[in-house]
Amino acid sequence: MSAQFDIAVIGAGVVGSAIARDLSRYDLKVVLLEANTDLGDESSKGNSALMTEGHDTPAGSLERDLVVRGYQRYMTEAPQLGLPMRKTGAIMLAWTDEQRATVEKLVEEVHSEGFHNVHLLEGYEVARRWPQFRPGVLCAQWMPDEIIADPFSTPYAYVLDAVTNGVAFWRPWRVSRAERNARGWRLSNNRGDVLDAGLVINAGGIRADMVESLVGHSDFVMRPRRGQYILLDKPARAIHDIIAYPTPTPASRGILISPTIFGNVLVGPTAEEVEDRDDRGVTEAGLRALRQAIDDMVPSLRGMPVNTIYAGMRPATNHSDYQIIPRFDERWLTVAGIRSTGFSGALGIAEHVMSLVFPNVFDKQPVNPVRGVRVPDLSETSIRPWADPEKIGADPAYTDMLCHCERISVGEVRDALNSPVPPASIKALKRRTRAMFGRCQGFYCGARVQAMFDEAKVKRDA
Amino acid sequence: MRDPKVLIVGAGPAGLAAAAELTKRGVSDILIIDRDDAPGGLPRFCAHPGFGIGYSAIPRFGPEFSARLVRAVEDKNVRILCSTTMTALDNGPAVSITGPECGYRIIKPRTVILATGIREANRGNRMVPGDRPEAGVLTTGLLQQMVARSVPFPAAMKSIVVVGTEHVSFSAIWTAHHAGLKVRMMVDDGPRISSFRPVGWLAKAIGIDIRLRTHVAAIKARDNRVSGIVVDGPRGTETIACDGVVFTAGWIPEVAAVATGPVKVDGQTGGLAVNRAGLTNVPGVFAAGNVLSPLKASGSCAIQGRRVGLSVAKYLGSQS
């Protein structure tokens, strides 16, 4: 007898997790399947962590609608989940007459589309407020409502919420076969595990096409786009503390320089179409482009110490818009091609998916009394546990520093390891706590963190 | 907790030697804090000889040198608080510390000696391109801590490449060798070995291929583990198969905890800026050891700690 579910969501990236969380509000048996050992371990771990209002998405697209809605929902729901945000605002800069013309046109367009807070700033105003930019700014588009957020805790919060409210989270569970049966689908993995689901939602991200091909669909072709980043150490934020990017060209949106919620400055991403969707390598050419972006925009950041370099992979397809394809006669729903706006769009996408599934597939209303969850606030702008008298008073483990660069205590790492959705790898633990994210990249505390991780794993497995 | 007369940040060779000198000069009421869970500093993890040259009568093994420095201040009205971190330092001097024994508090000692040491530049700091495997990219510090704390290496890690040819690079080779790892190659940008030449001969004798004027162009990985490195040198570009790479040296003074405060950093060395007495720009705040400028051996750090200890004793004498 195989496990029976009403709905199986494939993929625990930020999009699949948000969908699973919304589904947990219904009286249904839902399973969230993740091919990797942990959630958010593909495209969701390498983005710019910007929560965008949506005006930089194509007007009239589904992406625009869902990002706008995703942003609105995030504003309300993130604080309830304990997720931090900082409204730093964003600025798009023009140094040439040609760029100036583009910016002026964009401001006008965005205004007419209803983003009333976006406006044009003259060069002298930019130079006065943000002296760090390379001199000669002619004008800029100022977007005061753009936000930086926590890209790692967000999908974790969604999964934790979903699990707390009854969703099963199975990992690693890579769907290798899908067979149609009377109720819907029988899914199997390579270990011989089997489950039945009345509806399958494919939120397979960077591998969504492979899941589609299991059932014979090929509406889109993946065009994975790699984005390389340089992460600067914390002193950089004293120089630069706003999301900044150059005027886009038809070919490229350009490289951002932005503060992170953890108190660093991030430079990236590049945009390279790559053959191998798993090639998250960093290249000399990519680093050159990122250094050039620093010189072009904020030259004084040039000498700043670098914490690390890395690359993310955007799940883009041959289509510019999201690929949300309901095939309810086949009990199948595709949610793919969420190219680079998945973080901002996730809650909008989830809401859209609910509107497709209910009442078309299941004639149900949300019923469950929701059990609230809160995740630890990892942001640098909140009071850190080691400085919080209440936390320390209750448990001195919050003062016992494990990661000295980011100042993460034994208590915080222990809490993360005790989560109902425990991290399955050291890298996942890093994303849950920020430990080893700092300038030494775990080369100091790595051995102690590994020892704690191993001990917790042995205890769990016993 | 009362405010101590002297707060020493860092219980490595410089900090411990400063404490020893202070007690010898009749200064009592000294608090040493260290962020690690035991005192002794980096030599603690270096189980090979060559420590304390110039300070001890004879060179010692790393852990032994550390233990001797700790013993020298025991029972002398010196309190050592481990697992305790300085989070900020302001004028006054006022030092914020946090730890399981003391909680989070601001203490106001009459003088502070910063002896926070150095760390090695890792792969990210050096911006080495290539893949980013979960396992197999190390620094000497991590390698030695893993061995000292008996944390097992990734199962597949058998042969490694060491980047750098400084003293510490050979310390890494010593540790690797004793931990059963095979060191295939040493790679260095420079034209010659930075450590003593005979050490290089010894390394060659145990079969290590030393490549000079050569840099690491990329790291290669398979299944989230190191599979090789690409090196670029006089022989052109080659891929060297290995399952671990250890970045050594590339010293960076550990100034992060004070960098956002009033204490000045020397733009040239990257370390704290001090006068001849070891005094920083902030009244009452001294510094000693590798946090000033990197690349000093443990013995030199201890000698400097001793000198700054003397300065502080005089400073306190002139103040009272």
# chains A, B, ... in the order shown; residues from 1 in each chain; ligands from 1

$ interface_residues --of "chain B" --to "chain A" --cutoff "9 Å" --atoms "only C-alpha atoms" --output "PyMOL selection string"
chain B and resi 35-36+83-85+87+98-105+119-132+134+138-143+145-147+149-151+217-220+256-257+259-260

$ write_last_selection --atoms "N, CA and C atoms" --output "short mmCIF file (atom, residue, chain, number, x, y, z; two decimals), in the first residue's frame"
data_model
loop_
_atom_site.label_atom_id
_atom_site.label_comp_id
_atom_site.auth_asym_id
_atom_site.auth_seq_id
_atom_site.Cartn_x
_atom_site.Cartn_y
_atom_site.Cartn_z
N ARG B 35 38.23 34.10 22.74
CA ARG B 35 36.98 33.64 22.13
C ARG B 35 36.96 32.13 21.96
N ASP B 36 38.13 31.52 21.98
CA ASP B 36 38.18 30.07 21.83
C ASP B 36 37.84 29.39 23.16
N SER B 83 35.86 31.22 25.83
CA SER B 83 34.55 31.31 25.15
C SER B 83 33.93 32.69 25.36
N THR B 84 34.78 33.69 25.45
CA THR B 84 34.30 35.05 25.71
C THR B 84 34.79 35.97 24.60
N THR B 85 33.87 36.71 24.02
CA THR B 85 34.15 37.48 22.81
C THR B 85 34.03 38.97 23.06
N THR B 87 32.94 42.31 21.56
CA THR B 87 32.08 42.68 20.43
C THR B 87 32.25 44.13 20.01
N THR B 98 30.92 39.37 25.57
CA THR B 98 29.82 38.45 25.79
C THR B 98 30.38 37.04 25.92
N GLY B 99 29.82 36.29 26.84
CA GLY B 99 30.29 34.92 27.07
C GLY B 99 29.41 34.24 28.10
N PRO B 100 29.48 32.92 28.17
CA PRO B 100 28.58 32.19 29.05
C PRO B 100 28.79 32.51 30.53
N GLU B 101 30.01 32.85 30.92
CA GLU B 101 30.24 33.13 32.33
C GLU B 101 29.89 34.55 32.72
N CYS B 102 30.16 35.50 31.80
CA CYS B 102 30.00 36.91 32.15
C CYS B 102 28.73 37.53 31.57
N GLY B 103 28.06 36.80 30.66
CA GLY B 103 26.91 37.40 29.99
C GLY B 103 27.36 38.50 29.05
N TYR B 104 26.41 39.35 28.66
CA TYR B 104 26.77 40.48 27.80
C TYR B 104 26.94 41.70 28.69
N ARG B 105 28.09 42.31 28.68
CA ARG B 105 28.30 43.46 29.54
C ARG B 105 29.38 44.38 28.97
N ARG B 119 44.42 35.82 10.99
CA ARG B 119 43.84 34.64 10.36
C ARG B 119 44.40 34.54 8.94
N GLU B 120 44.17 33.39 8.32
CA GLU B 120 44.68 33.19 6.96
C GLU B 120 43.61 33.58 5.95
N ALA B 121 44.05 34.13 4.83
CA ALA B 121 43.11 34.44 3.75
C ALA B 121 42.63 33.13 3.15
N ASN B 122 41.32 32.97 3.08
CA ASN B 122 40.78 31.73 2.53
C ASN B 122 40.51 31.90 1.04
N ARG B 123 39.96 30.87 0.47
CA ARG B 123 39.71 30.85 -0.97
C ARG B 123 38.82 32.03 -1.41
N GLY B 124 37.79 32.31 -0.61
CA GLY B 124 36.88 33.41 -0.96
C GLY B 124 37.58 34.75 -0.89
N ASN B 125 38.35 34.99 0.18
CA ASN B 125 39.08 36.25 0.34
C ASN B 125 40.04 36.47 -0.82
N ARG B 126 40.60 35.35 -1.32
CA ARG B 126 41.57 35.44 -2.42
C ARG B 126 40.90 35.46 -3.78
N MET B 127 39.58 35.28 -3.80
CA MET B 127 38.80 35.27 -5.04
C MET B 127 39.33 34.26 -6.05
N VAL B 128 39.52 33.03 -5.60
CA VAL B 128 39.95 31.98 -6.52
C VAL B 128 38.73 31.43 -7.26
N PRO B 129 38.71 31.52 -8.59
CA PRO B 129 37.54 31.07 -9.34
C PRO B 129 37.37 29.54 -9.31
N GLY B 130 36.32 29.09 -9.99
CA GLY B 130 36.09 27.66 -10.12
C GLY B 130 34.85 27.19 -9.38
N ASP B 131 34.78 25.88 -9.14
CA ASP B 131 33.63 25.29 -8.47
C ASP B 131 33.71 25.55 -6.97
N ARG B 132 32.57 25.37 -6.31
CA ARG B 132 32.53 25.59 -4.85
C ARG B 132 32.02 24.35 -4.14
N GLU B 134 31.36 21.44 -1.33
CA GLU B 134 31.07 21.55 0.10
C GLU B 134 32.28 21.13 0.93
N LEU B 138 40.32 23.99 2.32
CA LEU B 138 40.66 24.28 3.71
C LEU B 138 41.66 25.42 3.82
N THR B 139 41.92 25.83 5.05
CA THR B 139 43.10 26.64 5.36
C THR B 139 43.91 25.80 6.35
N THR B 140 45.13 26.23 6.63
CA THR B 140 45.92 25.53 7.63
C THR B 140 45.15 25.47 8.94
N GLY B 141 44.55 26.62 9.31
CA GLY B 141 43.84 26.70 10.58
C GLY B 141 42.75 25.65 10.68
N LEU B 142 41.94 25.53 9.62
CA LEU B 142 40.84 24.56 9.66
C LEU B 142 41.38 23.14 9.68
N LEU B 143 42.39 22.88 8.85
CA LEU B 143 43.00 21.54 8.82
C LEU B 143 43.47 21.15 10.21
N GLN B 145 42.67 22.46 13.16
CA GLN B 145 41.59 22.34 14.14
C GLN B 145 40.85 21.02 13.96
N MET B 146 40.66 20.61 12.70
CA MET B 146 39.97 19.34 12.46
C MET B 146 40.76 18.19 13.07
N VAL B 147 42.07 18.23 12.88
CA VAL B 147 42.91 17.17 13.44
C VAL B 147 42.90 17.25 14.97
N ARG B 149 40.70 18.52 16.96
CA ARG B 149 39.38 18.23 17.55
C ARG B 149 38.84 16.89 17.08
N SER B 150 39.68 16.12 16.38
CA SER B 150 39.29 14.79 15.87
C SER B 150 38.01 14.81 15.04
N VAL B 151 37.84 15.87 14.25
CA VAL B 151 36.72 15.89 13.30
C VAL B 151 37.18 15.14 12.06
N ALA B 217 44.51 28.81 -10.70
CA ALA B 217 43.59 29.51 -11.59
C ALA B 217 42.15 29.11 -11.33
N ALA B 218 41.93 27.90 -10.84
CA ALA B 218 40.55 27.46 -10.58
C ALA B 218 40.55 26.20 -9.73
N ILE B 219 39.43 25.99 -9.04
CA ILE B 219 39.21 24.75 -8.31
C ILE B 219 38.16 23.94 -9.06
N LYS B 220 38.41 22.65 -9.21
CA LYS B 220 37.46 21.77 -9.90
C LYS B 220 36.79 20.87 -8.87
N ALA B 256 38.69 42.88 13.03
CA ALA B 256 37.27 43.11 12.73
C ALA B 256 36.49 43.65 13.92
N ALA B 257 36.77 43.11 15.13
CA ALA B 257 35.96 43.49 16.29
C ALA B 257 36.15 44.96 16.67
N ALA B 259 37.30 47.31 14.23
CA ALA B 259 37.39 48.11 13.00
C ALA B 259 36.30 49.17 12.90
N THR B 260 35.15 48.92 13.53
CA THR B 260 34.06 49.89 13.44
C THR B 260 34.13 50.93 14.56
#

$ residues_around --residues "Ile8 (chain B)" --least-positions-apart "2" --cutoff "8 Å" --atoms "only C-alpha atoms" --output "list in words"
Val6, Gly10, Ala11, Gly15, Ala19, Ile30, Leu31, Ile32, Ile33, Val112, Ile113, Leu114 and Ala115 of chain B

$ residues_around --residues "region 174-184 of chain A" --least-positions-apart "2" --cutoff "6 Å" --atoms "only C-alpha atoms" --output "list in words"
Ala35, Arg186, Leu187, Ser188, Asn189, Ala197, Gly198, Leu199 and Arg331 of chain A

$ residues_around --residues "Tyr124 (chain A)" --least-positions-apart "5" --cutoff "10 Å" --atoms "only C-alpha atoms" --output "VMD selection string"
chain A and resid 129 to 131 135 to 139

$ write_last_selection --atoms "all heavy atoms" --output "JSON list (two decimals), in the first residue's frame"
[["chain", "number", "residue", "atom", "x", "y", "z"],
["A", 129, "ARG", "N", 22.99, 63.12, -1.91],
["A", 129, "ARG", "CA", 22.51, 62.09, -0.98],
["A", 129, "ARG", "C", 23.40, 60.86, -0.93],
["A", 129, "ARG", "O", 23.48, 60.19, 0.09],
["A", 129, "ARG", "CB", 21.08, 61.68, -1.37],
["A", 129, "ARG", "CG", 20.08, 62.77, -1.06],
["A", 129, "ARG", "CD", 18.68, 62.41, -1.51],
["A", 129, "ARG", "NE", 18.08, 61.32, -0.76],
["A", 129, "ARG", "CZ", 16.83, 60.88, -1.01],
["A", 129, "ARG", "NH1", 16.11, 61.44, -1.98],
["A", 129, "ARG", "NH2", 16.33, 59.89, -0.31],
["A", 130, "TRP", "N", 24.02, 60.53, -2.08],
["A", 130, "TRP", "CA", 24.85, 59.32, -2.13],
["A", 130, "TRP", "C", 26.20, 59.64, -2.75],
["A", 130, "TRP", "O", 26.45, 59.36, -3.93],
["A", 130, "TRP", "CB", 24.14, 58.21, -2.92],
["A", 130, "TRP", "CG", 22.83, 57.81, -2.30],
["A", 130, "TRP", "CD1", 22.65, 57.03, -1.21],
["A", 130, "TRP", "CD2", 21.52, 58.19, -2.74],
["A", 130, "TRP", "NE1", 21.31, 56.89, -0.94],
["A", 130, "TRP", "CE2", 20.60, 57.58, -1.86],
["A", 130, "TRP", "CE3", 21.03, 58.98, -3.79],
["A", 130, "TRP", "CZ2", 19.22, 57.75, -2.00],
["A", 130, "TRP", "CZ3", 19.66, 59.14, -3.94],
["A", 130, "TRP", "CH2", 18.77, 58.53, -3.04],
["A", 131, "PRO", "N", 27.10, 60.22, -1.96],
["A", 131, "PRO", "CA", 28.38, 60.67, -2.53],
["A", 131, "PRO", "C", 29.26, 59.52, -3.01],
["A", 131, "PRO", "O", 30.28, 59.77, -3.64],
["A", 131, "PRO", "CB", 29.04, 61.42, -1.36],
["A", 131, "PRO", "CG", 28.37, 60.89, -0.14],
["A", 131, "PRO", "CD", 26.98, 60.51, -0.54],
["A", 135, "PRO", "N", 31.42, 60.01, -9.93],
["A", 135, "PRO", "CA", 30.95, 61.35, -10.28],
["A", 135, "PRO", "C", 30.40, 61.40, -11.71],
["A", 135, "PRO", "O", 30.78, 60.60, -12.55],
["A", 135, "PRO", "CB", 32.20, 62.21, -10.15],
["A", 135, "PRO", "CG", 33.13, 61.46, -9.28],
["A", 135, "PRO", "CD", 32.83, 60.01, -9.48],
["A", 136, "GLY", "N", 29.50, 62.34, -11.93],
["A", 136, "GLY", "CA", 28.98, 62.54, -13.28],
["A", 136, "GLY", "C", 27.61, 61.93, -13.50],
["A", 136, "GLY", "O", 27.16, 61.81, -14.64],
["A", 137, "VAL", "N", 26.93, 61.53, -12.41],
["A", 137, "VAL", "CA", 25.56, 60.99, -12.57],
["A", 137, "VAL", "C", 24.67, 62.12, -13.12],
["A", 137, "VAL", "O", 24.62, 63.22, -12.56],
["A", 137, "VAL", "CB", 25.01, 60.48, -11.22],
["A", 137, "VAL", "CG1", 23.54, 60.11, -11.36],
["A", 137, "VAL", "CG2", 25.83, 59.30, -10.72],
["A", 138, "LEU", "N", 23.99, 61.84, -14.23],
["A", 138, "LEU", "CA", 23.12, 62.87, -14.83],
["A", 138, "LEU", "C", 21.75, 62.87, -14.18],
["A", 138, "LEU", "O", 21.16, 63.90, -13.92],
["A", 138, "LEU", "CB", 23.00, 62.63, -16.34],
["A", 138, "LEU", "CG", 24.30, 62.72, -17.14],
["A", 138, "LEU", "CD1", 24.04, 62.47, -18.62],
["A", 138, "LEU", "CD2", 24.97, 64.08, -16.94],
["A", 139, "CYS", "N", 21.24, 61.66, -13.95],
["A", 139, "CYS", "CA", 19.95, 61.54, -13.28],
["A", 139, "CYS", "C", 19.78, 60.10, -12.84],
["A", 139, "CYS", "O", 20.64, 59.26, -13.11],
["A", 139, "CYS", "CB", 18.81, 61.95, -14.20],
["A", 139, "CYS", "SG", 18.47, 60.74, -15.50]]

$ residues_around --residues "Ala94 (chain B)" --least-positions-apart "4" --cutoff "12 Å" --atoms "only C-alpha atoms" --output "list in words"
Asp3, Pro4, Val6, Leu7, Met86, Thr87, Ala88, Leu89, Asp90, Arg105, Ile106, Ile107, Lys108, Pro109, Arg110, Thr111, Val112, Val258, Gly261, Pro262, Val263, Val282, Pro283, Gly284 and Val285 of chain B

$ closest_atom_pairs --of "region 325-416 of chain A" --to "region 42-60 of chain A" --cutoff "10 Å" --atoms "only C-alpha atoms" --output "CSV"
residue,atom,partner,partner_atom,distance
A:Ile338,CA,A:Ser43,CA,9.9
A:Arg339,CA,A:Ser43,CA,9.2
A:Ser340,CA,A:Asn47,CA,7.7
A:Thr341,CA,A:Thr52,CA,8.3
A:Gly342,CA,A:Ser44,CA,7.8
A:Phe343,CA,A:Met51,CA,6.9
A:Ser344,CA,A:Met51,CA,4.9
A:Gly345,CA,A:Met51,CA,8.6

$ write_last_selection --atoms "all heavy atoms" --output "mmCIF file, in the first residue's frame"
data_model
loop_
_atom_site.group_PDB
_atom_site.id
_atom_site.type_symbol
_atom_site.label_atom_id
_atom_site.label_comp_id
_atom_site.auth_asym_id
_atom_site.auth_seq_id
_atom_site.Cartn_x
_atom_site.Cartn_y
_atom_site.Cartn_z
ATOM 1 N N ILE A 338 10.194 30.456 -13.573
ATOM 2 C CA ILE A 338 10.104 31.604 -12.656
ATOM 3 C C ILE A 338 11.457 32.308 -12.649
ATOM 4 O O ILE A 338 12.030 32.556 -11.599
ATOM 5 C CB ILE A 338 9.703 31.108 -11.239
ATOM 6 C CG1 ILE A 338 8.560 30.103 -11.298
ATOM 7 C CG2 ILE A 338 9.325 32.270 -10.333
ATOM 8 C CD1 ILE A 338 7.247 30.629 -11.815
ATOM 9 N N ARG A 339 11.983 32.566 -13.767
ATOM 10 C CA ARG A 339 13.335 33.056 -14.045
ATOM 11 C C ARG A 339 14.041 33.739 -12.894
ATOM 12 O O ARG A 339 14.655 33.076 -12.076
ATOM 13 C CB ARG A 339 13.330 33.930 -15.287
ATOM 14 C CG ARG A 339 12.025 34.735 -15.487
ATOM 15 C CD ARG A 339 12.120 35.577 -16.707
ATOM 16 N NE ARG A 339 11.630 36.926 -16.437
ATOM 17 C CZ ARG A 339 11.894 37.946 -17.199
ATOM 18 N NH1 ARG A 339 12.661 37.801 -18.255
ATOM 19 N NH2 ARG A 339 11.401 39.125 -16.919
ATOM 20 N N SER A 340 13.944 35.067 -12.739
ATOM 21 C CA SER A 340 14.769 35.621 -11.660
ATOM 22 C C SER A 340 13.949 36.314 -10.588
ATOM 23 O O SER A 340 14.490 36.911 -9.677
ATOM 24 C CB SER A 340 15.810 36.571 -12.235
ATOM 25 O OG SER A 340 15.160 37.630 -12.878
ATOM 26 N N THR A 341 12.621 36.210 -10.680
ATOM 27 C CA THR A 341 11.801 36.947 -9.722
ATOM 28 C C THR A 341 11.100 36.026 -8.727
ATOM 29 O O THR A 341 10.149 36.431 -8.069
ATOM 30 C CB THR A 341 10.745 37.798 -10.466
ATOM 31 O OG1 THR A 341 10.167 36.976 -11.488
ATOM 32 C CG2 THR A 341 11.356 39.022 -11.082
ATOM 33 N N GLY A 342 11.576 34.792 -8.603
ATOM 34 C CA GLY A 342 10.904 33.829 -7.735
ATOM 35 C C GLY A 342 10.799 34.290 -6.290
ATOM 36 O O GLY A 342 9.776 34.088 -5.640
ATOM 37 N N PHE A 343 11.842 34.911 -5.789
ATOM 38 C CA PHE A 343 11.840 35.344 -4.391
ATOM 39 C C PHE A 343 10.737 36.375 -4.152
ATOM 40 O O PHE A 343 9.971 36.273 -3.202
ATOM 41 C CB PHE A 343 13.215 35.910 -4.041
ATOM 42 C CG PHE A 343 13.364 36.327 -2.616
ATOM 43 C CD1 PHE A 343 13.223 35.411 -1.590
ATOM 44 C CD2 PHE A 343 13.655 37.644 -2.296
ATOM 45 C CE1 PHE A 343 13.361 35.797 -0.261
ATOM 46 C CE2 PHE A 343 13.801 38.040 -0.984
ATOM 47 C CZ PHE A 343 13.650 37.118 0.041
ATOM 48 N N SER A 344 10.651 37.360 -5.059
ATOM 49 C CA SER A 344 9.627 38.398 -4.907
ATOM 50 C C SER A 344 8.243 37.866 -5.249
ATOM 51 O O SER A 344 7.244 38.272 -4.658
ATOM 52 C CB SER A 344 9.931 39.591 -5.819
ATOM 53 O OG SER A 344 11.208 40.102 -5.571
ATOM 54 N N GLY A 345 8.194 36.958 -6.226
ATOM 55 C CA GLY A 345 6.891 36.535 -6.754
ATOM 56 C C GLY A 345 6.256 35.385 -6.012
ATOM 57 O O GLY A 345 5.051 35.124 -6.179
#

$ residues_around --residues "Arg276 (chain B)" --least-positions-apart "2" --cutoff "12 Å" --atoms "only C-alpha atoms" --output "ChimeraX atom specification"
/B:273-274,278-281,286-288,292,304,307-308,311

$ select_by_dssp --residues "region 12-245 of chain B" --states "alpha helix (DSSP H)" --output "MDAnalysis selection string"
chainID B and resid 13:24 62:71 140:148 167:178 197:205

$ atom_distance --atom1 "CA of Arg171 (chain A)" --atom2 "CA of Gly13 (chain A)"
12.3 Å

$ atom_distance --atom1 "CA of Ala78 (chain A)" --atom2 "CA of Glu113 (chain A)"
25.7 Å

$ select_by_dssp --residues "region 146-258 of chain B" --states "strand (DSSP E)" --output "ChimeraX atom specification"
/B:159-163,182-187,209-211,215-222,225-233,236-241,244-247,251-253

$ write_last_selection --atoms "N, CA and C atoms" --output "compact mmCIF listing (two decimals), in the first residue's frame"
# COMPACT_ATOMS: atom_id res chain seq x y z
N SER B 159 44.52 12.90 -1.12
CA SER B 159 45.68 13.65 -1.58
C SER B 159 45.32 15.12 -1.74
N ILE B 160 46.25 15.98 -1.29
CA ILE B 160 45.94 17.41 -1.27
C ILE B 160 47.05 18.23 -1.93
N VAL B 161 46.68 19.46 -2.28
CA VAL B 161 47.66 20.42 -2.76
C VAL B 161 47.71 21.55 -1.73
N VAL B 162 48.92 22.00 -1.40
CA VAL B 162 49.07 23.09 -0.44
C VAL B 162 49.46 24.36 -1.21
N VAL B 163 48.72 25.44 -0.98
CA VAL B 163 49.00 26.70 -1.64
C VAL B 163 49.79 27.59 -0.69
N LYS B 182 48.12 12.58 1.75
CA LYS B 182 49.29 12.72 0.89
C LYS B 182 49.30 14.11 0.28
N VAL B 183 50.43 14.82 0.47
CA VAL B 183 50.56 16.14 -0.14
C VAL B 183 51.21 15.97 -1.50
N ARG B 184 50.44 16.23 -2.56
CA ARG B 184 50.94 16.02 -3.91
C ARG B 184 51.85 17.14 -4.37
N MET B 185 51.46 18.35 -3.98
CA MET B 185 52.13 19.49 -4.59
C MET B 185 52.04 20.70 -3.68
N MET B 186 53.06 21.57 -3.77
CA MET B 186 52.98 22.90 -3.17
C MET B 186 53.05 23.91 -4.30
N VAL B 187 52.23 24.93 -4.21
CA VAL B 187 52.15 25.92 -5.27
C VAL B 187 52.40 27.29 -4.66
N ASP B 209 55.91 17.75 -4.95
CA ASP B 209 56.27 18.50 -6.15
C ASP B 209 56.08 20.00 -5.82
N ILE B 210 57.16 20.78 -5.83
CA ILE B 210 57.03 22.20 -5.48
C ILE B 210 57.03 23.04 -6.75
N ARG B 211 55.96 23.78 -6.96
CA ARG B 211 55.85 24.63 -8.16
C ARG B 211 55.86 26.09 -7.76
N HIS B 215 50.28 29.99 -9.98
CA HIS B 215 49.12 30.35 -9.17
C HIS B 215 47.93 29.44 -9.48
N VAL B 216 47.00 29.40 -8.52
CA VAL B 216 45.82 28.56 -8.67
C VAL B 216 44.80 29.33 -9.50
N ALA B 217 44.51 28.81 -10.70
CA ALA B 217 43.59 29.51 -11.59
C ALA B 217 42.15 29.11 -11.33
N ALA B 218 41.93 27.90 -10.84
CA ALA B 218 40.55 27.46 -10.58
C ALA B 218 40.55 26.20 -9.73
N ILE B 219 39.43 25.99 -9.04
CA ILE B 219 39.21 24.75 -8.31
C ILE B 219 38.16 23.94 -9.06
N LYS B 220 38.41 22.65 -9.21
CA LYS B 220 37.46 21.77 -9.90
C LYS B 220 36.79 20.87 -8.87
N ALA B 221 35.51 20.56 -9.10
CA ALA B 221 34.81 19.68 -8.16
C ALA B 221 33.94 18.68 -8.90
N ARG B 222 33.72 17.56 -8.25
CA ARG B 222 32.75 16.58 -8.73
C ARG B 222 31.99 16.08 -7.50
N ARG B 225 32.70 17.56 -4.11
CA ARG B 225 34.02 17.39 -3.51
C ARG B 225 35.08 17.90 -4.48
N VAL B 226 36.21 18.28 -3.94
CA VAL B 226 37.30 18.73 -4.80
C VAL B 226 37.76 17.57 -5.68
N SER B 227 37.92 17.83 -6.98
CA SER B 227 38.46 16.78 -7.86
C SER B 227 39.81 17.19 -8.43
N GLY B 228 40.14 18.46 -8.33
CA GLY B 228 41.44 18.89 -8.82
C GLY B 228 41.56 20.40 -8.79
N ILE B 229 42.77 20.88 -9.10
CA ILE B 229 42.93 22.32 -9.25
C ILE B 229 43.65 22.61 -10.56
N VAL B 230 43.33 23.77 -11.11
CA VAL B 230 44.00 24.22 -12.33
C VAL B 230 45.10 25.18 -11.90
N VAL B 231 46.32 24.89 -12.30
CA VAL B 231 47.42 25.80 -11.96
C VAL B 231 48.02 26.38 -13.23
N ASP B 232 48.55 27.58 -13.06
CA ASP B 232 49.08 28.34 -14.17
C ASP B 232 50.51 28.74 -13.81
N GLY B 233 51.49 28.31 -14.59
CA GLY B 233 52.88 28.63 -14.24
C GLY B 233 53.77 28.50 -15.44
N GLY B 236 52.95 26.23 -18.17
CA GLY B 236 51.65 26.41 -18.81
C GLY B 236 50.53 26.09 -17.84
N THR B 237 49.34 25.83 -18.40
CA THR B 237 48.17 25.55 -17.58
C THR B 237 47.98 24.05 -17.47
N GLU B 238 47.85 23.58 -16.22
CA GLU B 238 47.69 22.15 -16.00
C GLU B 238 46.58 21.91 -15.01
N THR B 239 45.90 20.78 -15.14
CA THR B 239 44.95 20.39 -14.10
C THR B 239 45.60 19.30 -13.26
N ILE B 240 45.67 19.54 -11.96
CA ILE B 240 46.27 18.59 -11.04
C ILE B 240 45.15 17.89 -10.29
N ALA B 241 45.08 16.57 -10.43
CA ALA B 241 44.04 15.83 -9.70
C ALA B 241 44.38 15.80 -8.22
N GLY B 244 41.73 17.61 -2.17
CA GLY B 244 41.69 18.66 -1.17
C GLY B 244 42.68 19.74 -1.54
N VAL B 245 42.40 20.97 -1.11
CA VAL B 245 43.37 22.05 -1.32
C VAL B 245 43.41 22.89 -0.05
N VAL B 246 44.63 23.15 0.42
CA VAL B 246 44.80 23.90 1.66
C VAL B 246 45.46 25.24 1.34
N PHE B 247 44.73 26.32 1.59
CA PHE B 247 45.30 27.65 1.40
C PHE B 247 46.02 28.04 2.68
N TRP B 251 48.28 36.31 5.41
CA TRP B 251 47.83 36.72 6.75
C TRP B 251 47.02 38.00 6.76
N ILE B 252 45.96 37.98 7.55
CA ILE B 252 45.13 39.17 7.74
C ILE B 252 45.00 39.41 9.24
N PRO B 253 45.49 40.56 9.75
CA PRO B 253 45.34 40.83 11.18
C PRO B 253 43.86 40.81 11.58

$ atom_distance --atom1 "CA of Ile243 (chain A)" --atom2 "CA of Glu108 (chain A)"
20.6 Å

$ closest_residue --among "B:Pro152, B:Gly52, B:Pro59, B:Gly200" --to "Gly180 (chain B)" --atoms "only C-alpha atoms"
B:Pro152

$ closest_residue --among "B:Val265, B:Ala156, B:Ala172, B:Val78" --to "Gly26 (chain B)" --atoms "only C-alpha atoms"
B:Val78
